[in-house]
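Written out below as structure tokens is the structure these notes cover.
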Amino acid sequence: MPGLKRILLTKTDLDRIPADERFFYLMAGHFANDVNILGQLLIAAFNSAFARPGDPPRDEPHNAAGQAQLFLVLKLLAGRLHEANSLIGSHYFGKGLHKKYEDQIYQKARDVRHQFNAYFGHHLNIITAIRNKVAFHFNREEIELVYDAVHSDFEFVQYIGETAYIRGSGGSRCCVR
């Protein structure tokens, strides 16, 4: 695991920072934590979805569950990266913070930010497409187009956990095992 650095600021310290800078600082830290955590979960989900070479193959339900976890984490990560891009555009550039801080940022970090901005500035970036089409917004027409495009013997499979509760008629609950 990479080394961690601790930055400790009290509320009194943060109160000395102009409101726009304080907001950007807090949100940028929040997004950085989210992306780091989702990156780790993505690795775990990938390892869960696919057996390593030489390992015995997993059964279909466990493979499907691993792949579902993988796609969920990918969608969440796409959403957070998209929102981070919006934050950078509206608060780092939009509030003029770049004029004050750009020269104080390490060149490597500036280069990465330039690449990040260039990626999101391109109309064909896949992260925004994933975020807008399947991660946070469900467009029925597009889902119907995909559904209509699959062949008639395509199998839609749902797996449920070992115990699932189903509400029966009259409000009774039963357990399916």
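Residues are named by chain letter and number: chains run A, B, ... in the order of the structure tokens, numbers start at 1 in each chain, and ligands are numbered from 1 in the order shown.
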
Per DSSP on the backbone, filter chain A down to the residues in strand (DSSP E or B) and report them as number ranges by chain.
A: 164-167, 173-176

I'd like the neighbourhood of region 90-106 of chain A as a count of residues only, where a residue qualifies if any of its atoms comes within 8 Å (using only C-alpha atoms), though same-chain residues fewer than 4 positions away should be ignored.
5

Excluding same-chain residues fewer than 5 positions from Ala45 (chain A), what lies within 7 Å of it counting only C-alpha atoms, as a list in words?
Gly66, Gln69 and Leu70 of chain A

Which residues, written as a count of residues only, have at least one atom at most 10 Å from Ser48 (chain A), with only C-alpha atoms counted and residues fewer than 4 positions away on the same chain left out?
14

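Here CA of Lys133 (chain A) and CA of Val146 (chain A) stand 12.0 Å from one another.
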
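When CA of Glu142 (chain A) is paired with CA of Tyr119 (chain A), their separation reads 24.6 Å.
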
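Proximity to Ile37 (chain A) was assessed for A:Ala109, A:Ile126, A:Ala118, A:Leu76 counting only C-alpha atoms; the smallest distance is recorded for A:Leu76.
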
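CA of Ala78 (chain A) lies 20.2 Å from CA of Arg140 (chain A).
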
Taking the DSSP secondary structure from the backbone, can you list the residues of region 106-150 of chain A that are helix (DSSP H, G or I), as a ChimeraX atom specification?
/A:107-121,126-135,140-149
